[in-house]
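> Just coords.txt, nothing more (compact mmCIF, C-alpha atoms):
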# COMPACT_ATOMS: atom_id res chain seq x y z
CA MET A 9 4.28 14.02 5.65
CA SER A 10 2.92 12.90 2.26
CA PRO A 11 2.07 9.22 1.65
CA ILE A 12 4.76 9.00 -1.06
CA VAL A 13 7.47 10.25 1.30
CA MET A 14 6.26 7.83 3.99
CA ARG A 15 6.41 4.86 1.62
CA LEU A 16 9.92 5.80 0.49
CA ALA A 17 11.14 6.62 4.00
CA LEU A 18 9.86 3.47 5.74
CA PRO A 19 12.28 1.03 3.98
CA ALA A 20 15.16 3.41 4.71
CA LEU A 21 14.16 3.63 8.39
CA CYS A 22 13.95 -0.17 8.74
CA PHE A 23 17.34 -0.51 7.02
CA ALA A 24 18.89 2.13 9.31
CA GLY A 25 17.30 0.48 12.35
CA ALA A 26 18.82 -2.87 11.40
CA LEU A 27 22.28 -1.28 11.08
CA VAL A 28 21.95 0.51 14.43
CA PHE A 29 20.74 -2.69 16.11
CA ARG A 30 23.73 -4.59 14.68
CA ASN A 31 26.16 -1.92 15.87
CA GLN A 32 24.71 -1.95 19.38
CA LEU A 33 24.83 -5.73 19.66
CA LEU A 34 28.39 -5.98 18.37
CA ASN A 35 29.54 -3.44 20.97
CA LEU A 36 28.32 -5.59 23.86
CA GLU A 37 30.95 -7.30 25.95
CA PRO A 38 31.23 -11.06 25.36
CA GLY A 39 29.34 -13.23 27.82
CA ASN A 40 26.47 -15.66 28.26
CA ASN A 41 23.93 -12.91 27.69
CA THR A 42 25.54 -12.08 24.35
CA LYS A 43 25.24 -15.71 23.26
CA ASP A 44 21.58 -15.76 24.20
CA LEU A 45 20.98 -12.51 22.32
CA THR A 46 22.75 -13.88 19.26
CA PHE A 47 20.62 -17.02 19.32
CA LEU A 48 17.44 -14.95 19.61
CA LEU A 49 18.65 -12.66 16.84
CA LEU A 50 19.10 -15.60 14.45
CA GLN A 51 15.48 -16.68 15.16
CA LEU A 52 14.02 -13.17 14.93
CA PRO A 53 13.75 -13.06 11.10
CA TYR A 54 11.87 -16.39 11.15
CA ILE A 55 9.42 -14.98 13.71
CA LEU A 56 8.87 -11.63 11.96
CA LEU A 57 8.62 -13.10 8.46
CA ALA A 58 6.24 -15.84 9.64
CA LEU A 59 4.10 -13.15 11.30
CA ALA A 60 4.09 -11.08 8.10
CA ALA A 61 3.18 -14.15 6.02
CA MET A 62 0.29 -14.91 8.37
CA LEU A 63 -0.96 -11.30 8.14
CA ALA A 64 -0.78 -11.46 4.32
CA LEU A 65 -2.67 -14.75 4.14
CA LEU A 66 -5.33 -13.64 6.65
CA SER A 67 -5.88 -10.40 4.74
CA ASN A 68 -5.98 -12.34 1.43
CA HIS A 69 -2.99 -10.49 -0.09
CA ALA A 70 -1.46 -13.22 -2.22
CA VAL A 71 1.35 -11.16 -3.78
CA GLU A 72 2.51 -9.86 -0.38
CA ALA A 73 2.31 -13.40 0.97
CA GLY A 74 4.44 -14.65 -1.92
CA ALA A 75 7.08 -11.95 -1.37
CA THR A 76 7.20 -12.70 2.36
CA ILE A 77 7.50 -16.46 1.85
CA SER A 78 10.25 -15.78 -0.70
CA MET A 79 12.25 -13.82 1.88
CA LEU A 80 11.65 -16.60 4.41
CA CYS A 81 13.03 -19.18 1.98
CA VAL A 82 16.04 -17.01 1.13
CA TYR A 83 16.91 -16.48 4.81
CA TRP A 84 16.57 -20.22 5.46
CA LEU A 85 18.99 -20.97 2.59
CA ILE A 86 21.47 -18.40 3.89
CA GLN A 87 21.38 -19.89 7.39
CA THR A 88 21.57 -23.51 6.29
CA GLN A 89 23.80 -23.36 3.19
CA LEU A 90 25.89 -20.18 3.27
CA GLN A 91 27.50 -20.28 6.73
CA ILE A 92 30.72 -21.62 5.22
CA PRO A 93 33.27 -19.95 2.87
CA LEU A 94 31.79 -19.25 -0.56
CA GLU A 95 34.71 -21.03 -2.21
CA THR A 96 33.26 -24.24 -0.77
CA GLN A 97 30.73 -26.09 -2.92
CA PRO A 98 27.79 -26.10 -3.26
CA ALA A 99 27.74 -22.88 -1.18
CA GLY A 100 29.34 -20.87 -4.00
CA GLN A 101 26.84 -22.09 -6.56
CA ILE A 102 23.85 -21.51 -4.26
CA TYR A 103 25.10 -18.00 -3.53
CA TYR A 104 25.55 -17.31 -7.24
CA LEU A 105 22.06 -18.52 -8.13
CA LEU A 106 20.45 -16.66 -5.21
CA ASN A 107 21.96 -13.28 -6.01
CA LEU A 108 20.74 -13.62 -9.60
CA SER A 109 17.25 -14.89 -8.83
CA VAL A 110 16.31 -12.73 -5.80
CA PRO A 111 16.20 -9.34 -7.60
CA CYS A 112 14.34 -10.90 -10.53
CA LEU A 113 11.91 -12.61 -8.16
CA LEU A 114 11.20 -9.42 -6.20
CA LEU A 115 10.78 -7.42 -9.41
CA SER A 116 8.29 -9.97 -10.75
CA TYR A 117 6.09 -9.47 -7.66
CA ALA A 118 5.89 -5.75 -8.47
CA PHE A 119 4.16 -6.53 -11.78
CA ILE A 120 1.77 -9.24 -10.61
CA PRO A 121 -1.68 -7.64 -10.25
CA GLU A 122 -3.46 -7.80 -6.91
CA GLN A 123 -4.69 -11.35 -6.33
CA SER A 124 -6.58 -13.23 -3.67
CA CYS A 125 -5.05 -16.36 -2.20
CA ARG A 126 -7.62 -18.51 -4.01
CA GLN A 127 -7.01 -17.20 -7.52
CA PRO A 128 -4.66 -19.22 -9.77
CA LEU A 129 -2.15 -16.38 -10.18
CA GLY A 130 -2.28 -15.75 -6.43
CA LEU A 131 -1.43 -19.40 -5.76
CA VAL A 132 1.45 -19.13 -8.25
CA ALA A 133 2.78 -16.05 -6.39
CA ILE A 134 2.64 -17.88 -3.05
CA ALA A 135 4.25 -21.08 -4.34
CA LEU A 136 6.88 -19.44 -6.57
CA ALA A 137 9.78 -19.32 -4.08
CA PRO A 138 9.28 -22.79 -2.53
CA VAL A 139 9.08 -24.29 -6.03
CA MET A 140 12.31 -22.50 -7.01
CA VAL A 141 14.06 -23.84 -3.90
CA ILE A 142 12.94 -27.38 -4.74
CA LEU A 143 14.09 -27.02 -8.36
CA LEU A 144 17.45 -25.66 -7.18
CA ALA A 145 17.93 -28.60 -4.82
CA ARG A 146 16.97 -31.15 -7.48
CA THR A 147 19.24 -29.50 -10.08
CA LEU A 148 22.30 -29.51 -7.80
CA ALA A 149 21.52 -33.08 -6.74
CA PHE A 150 21.51 -34.10 -10.41
CA ASP A 151 24.80 -32.32 -11.19
CA SER A 152 26.68 -30.85 -8.24
CA ASP A 153 29.10 -28.89 -10.49
CA LEU A 154 26.58 -27.55 -13.03
CA PHE A 155 27.09 -23.86 -12.16
CA LEU A 156 30.61 -24.19 -10.73
CA ASN A 157 32.52 -22.32 -13.45
CA SER A 158 29.98 -19.49 -13.64
CA ALA A 159 29.94 -19.12 -9.85
CA GLN A 160 33.73 -19.03 -9.56
CA GLN A 161 34.05 -16.50 -12.38
CA ALA A 162 31.31 -14.29 -10.88
CA LEU A 163 32.89 -14.31 -7.41
CA SER A 164 36.22 -13.23 -8.88
CA ASN A 165 34.58 -10.17 -10.52
CA SER A 166 32.82 -8.65 -7.51
CA LEU A 167 32.24 -4.89 -7.15
CA PHE A 168 32.35 -2.27 -4.35
CA ASN A 169 34.53 -4.37 -1.99
CA GLY A 170 31.66 -6.83 -1.66
CA HIS A 171 30.88 -10.24 -3.10
CA LEU A 172 28.22 -9.41 -5.69
CA PRO A 173 29.34 -9.59 -9.35
CA ALA A 174 28.53 -6.91 -11.92
CA LEU A 175 25.51 -8.73 -13.35
CA SER A 176 23.87 -9.17 -9.95
CA THR A 177 24.57 -5.54 -9.04
CA ALA A 178 22.98 -4.42 -12.31
CA LEU A 179 19.89 -6.53 -11.63
CA TYR A 180 19.56 -5.05 -8.15
CA LEU A 181 19.91 -1.50 -9.51
CA VAL A 182 17.22 -2.12 -12.13
CA ALA A 183 14.90 -3.65 -9.53
CA PHE A 184 15.59 -0.81 -7.07
CA GLY A 185 14.97 1.96 -9.64
CA THR A 186 11.83 0.27 -10.93
CA CYS A 187 10.36 -0.09 -7.45
CA ILE A 188 11.08 3.56 -6.63
CA GLY A 189 9.22 4.59 -9.79
CA LEU A 190 6.30 2.28 -9.02
CA CYS A 191 6.24 3.47 -5.39
CA ILE A 192 5.82 7.06 -6.58
CA HIS A 193 3.40 6.26 -9.41
CA ARG A 194 1.12 3.63 -7.88
CA GLN A 195 1.51 4.61 -4.22
CA LYS A 196 0.83 1.14 -2.80
CA PRO A 197 2.42 -0.49 0.26
CA LEU A 198 3.65 -3.45 -1.83
CA GLU A 199 6.22 -1.35 -3.70
CA SER A 200 7.50 0.07 -0.40
CA SER A 201 7.92 -3.48 0.94
CA LEU A 202 9.70 -4.67 -2.21
CA LEU A 203 11.97 -1.61 -2.11
CA GLY A 204 13.11 -2.56 1.39
CA CYS A 205 13.51 -6.22 0.45
CA ILE A 206 15.76 -5.26 -2.47
CA LEU A 207 17.87 -2.85 -0.41
CA MET A 208 18.39 -5.20 2.53
CA SER A 209 18.89 -8.38 0.51
CA TYR A 210 21.48 -6.54 -1.62
CA THR A 211 23.32 -5.53 1.55
CA THR A 212 23.14 -9.11 2.83
CA PHE A 213 24.57 -10.72 -0.29
CA GLY A 214 27.09 -7.96 -0.95
CA TRP A 215 28.62 -8.13 2.52
CA ILE A 216 27.67 -11.63 3.57
CA HIS A 217 31.05 -12.07 5.29
CA LEU A 218 30.03 -9.63 8.06
CA THR A 219 28.96 -11.25 11.34
CA ASN A 220 25.22 -12.10 11.36
CA ILE A 221 24.51 -9.51 8.64
CA SER A 222 21.71 -11.68 7.23
CA ALA A 223 19.93 -11.88 10.59
CA PHE A 224 19.91 -8.09 11.04
CA MET A 225 18.87 -7.34 7.46
CA PHE A 226 16.14 -9.97 7.29
CA ALA A 227 14.82 -8.90 10.69
CA GLY A 228 14.51 -5.43 9.13
CA ILE A 229 12.69 -6.97 6.15
CA GLY A 230 10.31 -8.81 8.47
CA MET A 231 9.62 -5.60 10.41
CA LEU A 232 8.97 -3.64 7.20
CA LEU A 233 6.61 -6.26 5.79
CA SER A 234 4.73 -6.53 9.09
CA ILE A 235 4.29 -2.75 9.33
CA ASN A 236 3.03 -2.40 5.75
CA LEU A 237 0.66 -5.36 6.05
CA THR A 238 -0.71 -4.05 9.35
CA GLY A 239 -1.27 -0.70 7.64
CA SER A 240 -3.11 -2.46 4.81
CA LEU A 241 -5.35 -4.26 7.29
CA LEU A 242 -6.16 -0.98 9.04
CA SER A 243 -6.87 0.60 5.65
CA ILE A 244 -9.32 -2.21 4.83
CA GLY A 245 -11.11 -1.64 8.12
CA TYR A 246 -11.20 2.15 8.07
CA ARG A 247 -11.20 3.15 4.39
CA ASP A 248 -14.03 2.87 1.89
CA GLU A 249 -12.83 0.70 -0.98
CA LEU A 250 -14.81 2.46 -3.72
CA THR A 251 -14.12 6.11 -2.88
CA GLN A 252 -10.82 5.73 -0.97
CA ILE A 253 -11.96 8.01 1.86
CA GLY A 254 -12.72 7.08 5.46
CA ASN A 255 -15.77 4.93 6.17
CA ARG A 256 -18.28 5.10 9.03
CA ARG A 257 -15.96 3.16 11.35
CA ALA A 258 -13.21 5.73 10.68
CA LEU A 259 -15.70 8.51 11.46
CA LYS A 260 -16.53 6.92 14.82
CA GLN A 261 -12.84 6.68 15.67
CA ARG A 262 -12.31 10.31 14.65
CA VAL A 263 -15.22 11.42 16.85
CA LYS A 264 -13.45 10.02 19.92
CA THR A 265 -10.71 12.63 19.48
CA LEU A 266 -13.09 15.61 19.26
CA ARG A 267 -12.59 18.37 21.80
CA GLY A 268 -14.41 21.70 21.90
CA SER A 269 -16.68 22.93 19.12
CA TYR A 270 -17.09 21.22 15.76
CA SER A 271 -19.53 21.05 12.85
CA VAL A 272 -20.98 18.09 11.01
CA ALA A 273 -22.27 18.26 7.44
CA MET A 274 -24.31 15.50 5.83
CA VAL A 275 -23.99 15.36 2.04
CA ASP A 276 -26.40 13.33 -0.09
CA ALA A 277 -26.29 12.79 -3.87
CA ASP A 278 -29.52 13.94 -5.51
CA TYR A 279 -31.54 11.50 -7.67
CA PHE A 280 -28.85 8.87 -7.31
CA LYS A 281 -31.27 5.99 -7.90
CA LYS A 282 -32.19 7.49 -11.28
CA ILE A 283 -28.51 7.60 -12.24
CA ASN A 284 -28.14 3.91 -11.42
CA ASP A 285 -31.37 2.97 -13.21
CA GLN A 286 -30.71 5.03 -16.34
CA TYR A 287 -26.94 4.70 -16.76
CA GLY A 288 -26.04 1.60 -14.75
CA HIS A 289 -24.15 0.92 -11.55
CA ASP A 290 -20.74 1.50 -13.14
CA LEU A 291 -21.56 5.13 -13.76
CA GLY A 292 -23.17 5.31 -10.32
CA ASP A 293 -19.87 4.17 -8.80
CA GLN A 294 -18.03 6.72 -10.92
CA ALA A 295 -20.37 9.44 -9.63
CA LEU A 296 -19.66 8.49 -6.01
CA ARG A 297 -15.91 8.60 -6.67
CA VAL A 298 -16.27 12.06 -8.23
CA ILE A 299 -18.24 13.36 -5.25
CA ALA A 300 -15.73 11.89 -2.78
CA GLY A 301 -12.81 13.40 -4.70
CA LEU A 302 -14.40 16.86 -4.79
CA LEU A 303 -15.30 16.67 -1.10
CA ARG A 304 -11.72 15.82 -0.23
CA LYS A 305 -10.36 18.53 -2.53
CA THR A 306 -12.64 21.45 -1.57
CA ALA A 307 -13.52 20.73 2.08
CA ASP A 308 -10.98 23.34 3.28
CA GLY A 309 -10.07 21.78 6.61
CA GLY A 310 -12.98 19.36 6.76
CA ARG A 311 -12.51 15.60 6.85
CA ALA A 312 -14.64 13.60 4.40
CA PHE A 313 -16.15 10.18 5.18
CA ARG A 314 -18.51 7.92 3.28
CA TYR A 315 -21.40 7.41 5.65
CA GLY A 316 -23.24 4.82 3.55
CA GLY A 317 -24.73 4.42 0.08
CA GLU A 318 -24.76 7.83 -1.61
CA GLU A 319 -24.45 9.69 1.69
CA PHE A 320 -21.26 11.38 2.90
CA CYS A 321 -20.24 13.16 6.09
CA LEU A 322 -17.92 16.13 6.53
CA LEU A 323 -16.38 16.82 9.93
CA PHE A 324 -15.02 20.30 10.71
CA LYS A 325 -13.08 20.58 13.98
CA GLY A 326 -13.13 23.93 15.76
CA LYS A 327 -15.66 25.55 13.40
CA SER A 328 -19.30 26.51 13.82
CA SER A 329 -21.97 25.89 11.19
CA GLN A 330 -21.94 29.57 10.20
CA GLU A 331 -18.17 29.40 9.60
CA VAL A 332 -18.51 26.47 7.21
CA ILE A 333 -21.58 27.60 5.24
CA ASP A 334 -19.45 29.29 2.57
CA ILE A 335 -17.19 26.21 2.32
CA LEU A 336 -20.22 23.94 1.87
CA GLU A 337 -21.73 26.28 -0.71
CA ASN A 338 -18.47 26.16 -2.66
CA ILE A 339 -18.52 22.35 -2.48
CA ARG A 340 -22.11 22.27 -3.74
CA GLN A 341 -21.22 24.51 -6.69
CA GLU A 342 -18.10 22.53 -7.58
CA ILE A 343 -20.11 19.31 -7.75
CA ALA A 344 -22.98 20.95 -9.69
CA ASN A 345 -20.53 22.38 -12.25
CA TYR A 346 -18.76 19.07 -12.78
CA ASP A 347 -19.58 17.44 -16.13
CA MET A 348 -19.77 13.67 -15.92
CA VAL A 349 -18.24 11.84 -18.90
CA ILE A 350 -20.50 9.04 -20.09
CA ARG A 351 -18.26 6.57 -21.89
CA ASP A 352 -19.74 4.62 -24.79
CA LYS A 353 -17.52 1.54 -24.92
CA LYS A 354 -19.23 0.09 -28.00
CA HIS A 355 -18.49 3.15 -30.16
CA ARG A 356 -15.22 4.17 -28.54
CA PRO A 357 -12.74 5.27 -31.25
CA LYS A 358 -9.42 3.53 -31.60
CA ALA A 359 -7.46 6.73 -32.32
CA SER A 360 -6.49 8.54 -29.13
CA LYS A 361 -6.83 12.06 -30.66
CA GLN A 362 -10.34 11.30 -31.89
CA GLY A 363 -11.19 9.94 -28.45
CA GLN A 364 -9.93 13.13 -26.81
CA LYS A 365 -12.14 15.24 -29.09
CA ARG A 366 -15.17 13.15 -28.19
CA ARG A 367 -14.39 13.32 -24.49
CA GLY A 368 -14.13 17.10 -24.73
CA ALA A 369 -17.48 17.26 -26.49
CA SER A 370 -19.10 15.03 -23.87
CA ARG A 371 -17.87 17.36 -21.15
CA ARG A 372 -19.38 20.40 -22.84
CA ASN A 373 -22.68 18.77 -23.74
CA SER A 374 -23.15 16.13 -21.05
CA ASP A 375 -26.81 15.67 -20.09
CA LEU A 376 -25.79 14.17 -16.72
CA ARG A 377 -25.23 16.67 -13.94
CA LEU A 378 -24.39 15.70 -10.39
CA THR A 379 -25.91 17.70 -7.57
CA VAL A 380 -25.89 17.24 -3.82
CA SER A 381 -28.01 18.42 -0.92
CA ILE A 382 -26.21 19.37 2.29
CA GLY A 383 -27.32 19.77 5.89
CA VAL A 384 -25.01 21.12 8.60
CA ALA A 385 -25.15 21.43 12.38
CA SER A 386 -22.61 22.48 15.02
CA SER A 387 -21.95 21.23 18.53
CA ASP A 388 -21.66 24.66 20.20
CA ASN A 389 -19.48 23.01 22.87
CA SER A 390 -22.39 20.88 24.05
CA GLY A 391 -24.34 17.83 23.02
CA GLN A 392 -23.28 14.34 22.01
CA PHE A 393 -22.06 13.65 18.49
CA ASP A 394 -25.14 11.54 17.73
CA GLN A 395 -27.35 14.51 18.58
CA VAL A 396 -25.36 16.84 16.34
CA LEU A 397 -25.50 14.25 13.55
CA LYS A 398 -29.30 14.04 13.87
CA LYS A 399 -29.56 17.82 13.60
CA ALA A 400 -27.44 17.78 10.45
CA ASP A 401 -29.59 14.97 9.06
CA LYS A 402 -32.78 16.97 9.68
CA ALA A 403 -31.24 19.97 7.95
CA LEU A 404 -30.37 17.67 5.01
CA TYR A 405 -34.03 16.55 4.76
CA ARG A 406 -35.08 20.21 4.66
CA ALA A 407 -32.66 20.81 1.81
CA LYS A 408 -34.15 17.83 -0.03
CA ALA A 409 -37.70 18.99 0.61
CA SER A 410 -36.89 22.52 -0.60
CA GLY A 411 -35.87 21.34 -4.05
CA ARG A 412 -32.43 19.73 -3.58
CA ASN A 413 -29.04 21.10 -4.71
CA GLN A 414 -28.76 23.46 -1.74
CA VAL A 415 -27.27 23.89 1.75
CA ARG A 416 -29.33 24.15 4.94
CA ALA A 417 -28.13 24.79 8.50
CA ALA A 418 -29.81 23.37 11.59
Output the structure of this file as structure tokens.

Amino acid sequence: MSPIVMRLALPALCFAGALVFRNQLLNLEPGNNTKDLTFLLLQLPYILLALAAMLALLSNHAVEAGATISMLCVYWLIQTQLQIPLETQPAGQIYYLLNLSVPCLLLSYAFIPEQSCRQPLGLVAIALAPVMVILLARTLAFDSDLFLNSAQQALSNSLFNGHLPALSTALYLVAFGTCIGLCIHRQKPLESSLLGCILMSYTTFGWIHLTNISAFMFAGIGMLLSINLTGSLLSIGYRDELTQIGNRRALKQRVKTLRGSYSVAMVDADYFKKINDQYGHDLGDQALRVIAGLLRKTADGGRAFRYGGEEFCLLFKGKSSQEVIDILENIRQEIANYDMVIRDKKHRPKASKQGQKRRGASRRNSDLRLTVSIGVASSDNSGQFDQVLKKADKALYRAKASGRNQVRAA
């Protein structure tokens, strides 16, 4: 299953799980156990959302932390202020303000760039919801009927047999469509989390009269946020930030699953120090990203990992070194034929068409060519992985010593 489908499916699965859980609980026969389950259910969103907030803060994801704290504040307001008929004040006004501000708040998180918890914008993202709650409380304390007419008019114009007025529904639809587009385009866990928050908060406010609907929906939100944040933490630990492929730790975990024969190829960028010295580290980083992308694209069944520095590792399960020689030779040629684009920021033209012509010329006449040397060894159903890796490393040194830009088998 593709990452895009997974990110779109996960909010739907959490939403469906919340509905199934609600249906199962409501079908239980009344009794003391049911009361205990209901009490635990009402506390579950607090537990899951607090856990997600802690994960976000520990992993230094300020925007995710802000979105989680926002949902925590919204659930707290629902439980403390909206457990009475909406015709009662200030419940009606609080409901009206919440269903206008929540979609706007969630949409704003989608456009805040990634921030650490110590950066000013990150602190704003974290504090945004609590500050809004405080301002709401102070405003209603100053004038308890300030939004009364608007709230009453909005509640009388609800849509789809629910409670949400047309304006709130429109805001939710805009936020939902925008997050779907961002989820497909940017492919980050944050958009998947916001998508679920929008879907389940819309269901909560639209059908708030249903028994404990907020507890089920916000438990689903807490579960979704916790899953995505846990995935982000695992990605930090097992994915190389620069090249976006697995790192050495991920390779070690992959090795534990090996059964039978396999081959290991060590790939090293030629003259990489000269690239850094002559063109700078920015272009060096670009070169590593290019190599990683081509390895991932042309490995033909092999799994690419960044082993360290300018060195990469390819793991082929169930294949001998002779079976992967042609694949590695194709990889070597693809990298050697790739023209690096050296961008001159000082003389970069403003017109996009002129820039495209220059970029095309730089590709045809680029004086920077990437090459790699590759060494490969196979397990032959025997030997520890470290031994196979050493054989591949020795074959790599032979490729280097023989003039670079070539493949050698152990």
> For a quick check of understanding, using all atoms listed in the file, which of A:Leu49, A:Leu376, A:Ala258, A:Ala162 has the smallest distance to Gln101 in chain A?
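Between A:Leu49, A:Leu376, A:Ala258, A:Ala162, the residue approaching Gln101 in chain A most closely is A:Ala162.
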> Write out as a list in words the residues lying within 9 Å of Glu122 in chain A, counting all atoms listed in the file and excluding same-chain residues fewer than 6 positions away.
His69, Ala70, Val71 and Gly130 of chain A
> Restricting the calculation to all atoms listed in the file: of A:Met225, A:Ile335, A:Ala273, A:Leu322, which residue gets closest to Leu50 in chain A?
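Under the stated criterion, the closest residue is A:Met225.
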> For a test of reading the model, state the distance in Å between CA of Glu342 in chain A and CA of Lys398 in chain A, rounded to one decimal.
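Taking CA of Glu342 in chain A as the start and CA of Lys398 in chain A as the end point, the length is 25.6 Å.
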> Any idea what's packed within 10 Å of Leu34 in chain A, counting all atoms listed in the file, ignoring anything in its chain fewer than 4 positions away? Could you give it as a list in words?
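The residues satisfying every condition are Val28, Phe29, Arg30, Pro38, Thr42, Thr46, Thr219 and Asn220 of chain A.
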> Which of these residues is nearest to Leu33 in chain A, using all atoms listed in the file: A:Gln341, A:Lys327, A:Leu66, A:Phe224?
A:Phe224
> Could you list as number ranges by chain every residue that has an atom within 10 Å of (16.8, 1.9, 6.1), using the file's coordinates and counting all atoms listed in the file?
A: 16-28, 204, 207-208, 225, 228-229, 232
> Using only C-alpha atoms, which residue out of A:Asn68, A:Ser381, A:Thr251, A:Gln286 lies closest to Gly317 in chain A?
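Checking each candidate against Gly317 in chain A, we get A:Thr251 as the closest.
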> What lies within 8 Å of range 102-119 of chain A using all atoms listed in the file, ignoring chain neighbours under 2 positions off, as a PyMOL selection string?
chain A and resi 71+74-75+82+89-90+94+98-100+121+133+159+162-163+172+175-176+179-180+183+186-187+198-199+202+205-206+213
> Quote the spacing between CA of Ser234 in chain A and CA of Glu72 in chain A in Å to one decimal place.
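Computing it gives 10.3 Å between the two atoms.
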> List every protein, DNA or RNA residue that has at least one atom no more than 10 Å from (-24.1, 9.8, -3.0) in the file's coordinates, counting all atoms listed in the file, and write the result as a tab-separated table (two decimals) with C-alpha atoms, in the frame of the given file.

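Writing done, so here's selection.tsv:
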chain	number	residue	atom	x	y	z
A	275	VAL	CA	-23.99	15.36	2.04
A	276	ASP	CA	-26.40	13.33	-0.09
A	277	ALA	CA	-26.29	12.79	-3.87
A	278	ASP	CA	-29.52	13.94	-5.51
A	279	TYR	CA	-31.54	11.50	-7.67
A	280	PHE	CA	-28.85	8.87	-7.31
A	281	LYS	CA	-31.27	5.99	-7.90
A	292	GLY	CA	-23.17	5.31	-10.32
A	293	ASP	CA	-19.87	4.17	-8.80
A	295	ALA	CA	-20.37	9.44	-9.63
A	296	LEU	CA	-19.66	8.49	-6.01
A	297	ARG	CA	-15.91	8.60	-6.67
A	298	VAL	CA	-16.27	12.06	-8.23
A	299	ILE	CA	-18.24	13.36	-5.25
A	300	ALA	CA	-15.73	11.89	-2.78
A	314	ARG	CA	-18.51	7.92	3.28
A	315	TYR	CA	-21.40	7.41	5.65
A	316	GLY	CA	-23.24	4.82	3.55
A	317	GLY	CA	-24.73	4.42	0.08
A	318	GLU	CA	-24.76	7.83	-1.61
A	319	GLU	CA	-24.45	9.69	1.69
A	320	PHE	CA	-21.26	11.38	2.90
A	378	LEU	CA	-24.39	15.70	-10.39
A	379	THR	CA	-25.91	17.70	-7.57
A	380	VAL	CA	-25.89	17.24	-3.82
A	381	SER	CA	-28.01	18.42	-0.92
> Report as a short mmCIF file (atom, residue, chain, number, x, y, z; two decimals) with C-alpha atoms, keeping the file's coordinate frame all protein, DNA and RNA residues lying within 10 Å of Leu63 in chain A, evaluated on only C-alpha atoms, omitting residues in the same chain fewer than 6 positions from it.

data_model
loop_
_atom_site.label_atom_id
_atom_site.label_comp_id
_atom_site.auth_asym_id
_atom_site.auth_seq_id
_atom_site.Cartn_x
_atom_site.Cartn_y
_atom_site.Cartn_z
CA LEU A 57 8.62 -13.10 8.46
CA HIS A 69 -2.99 -10.49 -0.09
CA GLU A 72 2.51 -9.86 -0.38
CA ALA A 73 2.31 -13.40 0.97
CA LEU A 233 6.61 -6.26 5.79
CA SER A 234 4.73 -6.53 9.09
CA LEU A 237 0.66 -5.36 6.05
CA THR A 238 -0.71 -4.05 9.35
CA SER A 240 -3.11 -2.46 4.81
CA LEU A 241 -5.35 -4.26 7.29
#
> For Pro197 in chain A, which residue out of A:Met79, A:Cys125, A:Val139, A:Val13 is the nearest one, using all atoms listed in the file?
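Using all atoms listed in the file, Pro197 in chain A sits closest to A:Val13.
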> Draw an axis-aligned box over all listed atoms of range 206-219 of chain A, pad each side with 3 Å, and write its centre and edge lengths in Å, one decimal, as lines of an AutoDock Vina configuration file.

center_x = 23.4
center_y = -7.5
center_z = 4.4
size_x = 21.3
size_y = 15.2
size_z = 19.8
> Select, from A:Tyr405, A:Trp215, A:Phe150, A:Phe47, the residue with the minimum atom-to-atom distance to Met274 in chain A, counting all atoms listed in the file.
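Residue with the minimum atom-to-atom distance to Met274 in chain A: A:Tyr405.
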> What separation in Å, quoted to one decimal, exists between CA of Leu250 in chain A and CA of Gln395 in chain A?
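Straight-line distance from CA of Leu250 in chain A to CA of Gln395 in chain A works out to 28.3 Å.
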> Which polymer residues have any atom within 7 Å of an atom of Ala137 in chain A, counting all atoms listed in the file, with same-chain residues fewer than 3 positions away left out, as a PyMOL selection string?
chain A and resi 77-78+81+140-141
> Grab the residues selected above and save them as a tab-separated table (two decimals), in the coordinates of the input with C-alpha atoms.

chain	number	residue	atom	x	y	z
A	77	ILE	CA	7.50	-16.46	1.85
A	78	SER	CA	10.25	-15.78	-0.70
A	81	CYS	CA	13.03	-19.18	1.98
A	140	MET	CA	12.31	-22.50	-7.01
A	141	VAL	CA	14.06	-23.84	-3.90
> Starting from the incomplete input, reconstruct N, CA and C atoms of range 71-78 of chain A and report them as a compact mmCIF listing (two decimals), in the frame of the given file.

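Final output, result-v9.txt:
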# COMPACT_ATOMS: atom_id res chain seq x y z
N VAL A 71 0.04 -11.61 -3.29
CA VAL A 71 1.35 -11.16 -3.78
C VAL A 71 2.26 -10.84 -2.60
N GLU A 72 1.72 -10.14 -1.58
CA GLU A 72 2.51 -9.86 -0.38
C GLU A 72 2.91 -11.15 0.33
N ALA A 73 1.99 -12.11 0.36
CA ALA A 73 2.31 -13.40 0.97
C ALA A 73 3.44 -14.09 0.22
N GLY A 74 3.38 -14.05 -1.11
CA GLY A 74 4.44 -14.65 -1.92
C GLY A 74 5.79 -14.00 -1.69
N ALA A 75 5.82 -12.66 -1.62
CA ALA A 75 7.08 -11.95 -1.37
C ALA A 75 7.64 -12.29 0.01
N THR A 76 6.75 -12.39 1.00
CA THR A 76 7.20 -12.70 2.36
C THR A 76 7.74 -14.13 2.45
N ILE A 77 7.03 -15.07 1.85
CA ILE A 77 7.50 -16.46 1.85
C ILE A 77 8.82 -16.57 1.09
N SER A 78 8.98 -15.78 0.04
CA SER A 78 10.25 -15.78 -0.70
C SER A 78 11.40 -15.36 0.20
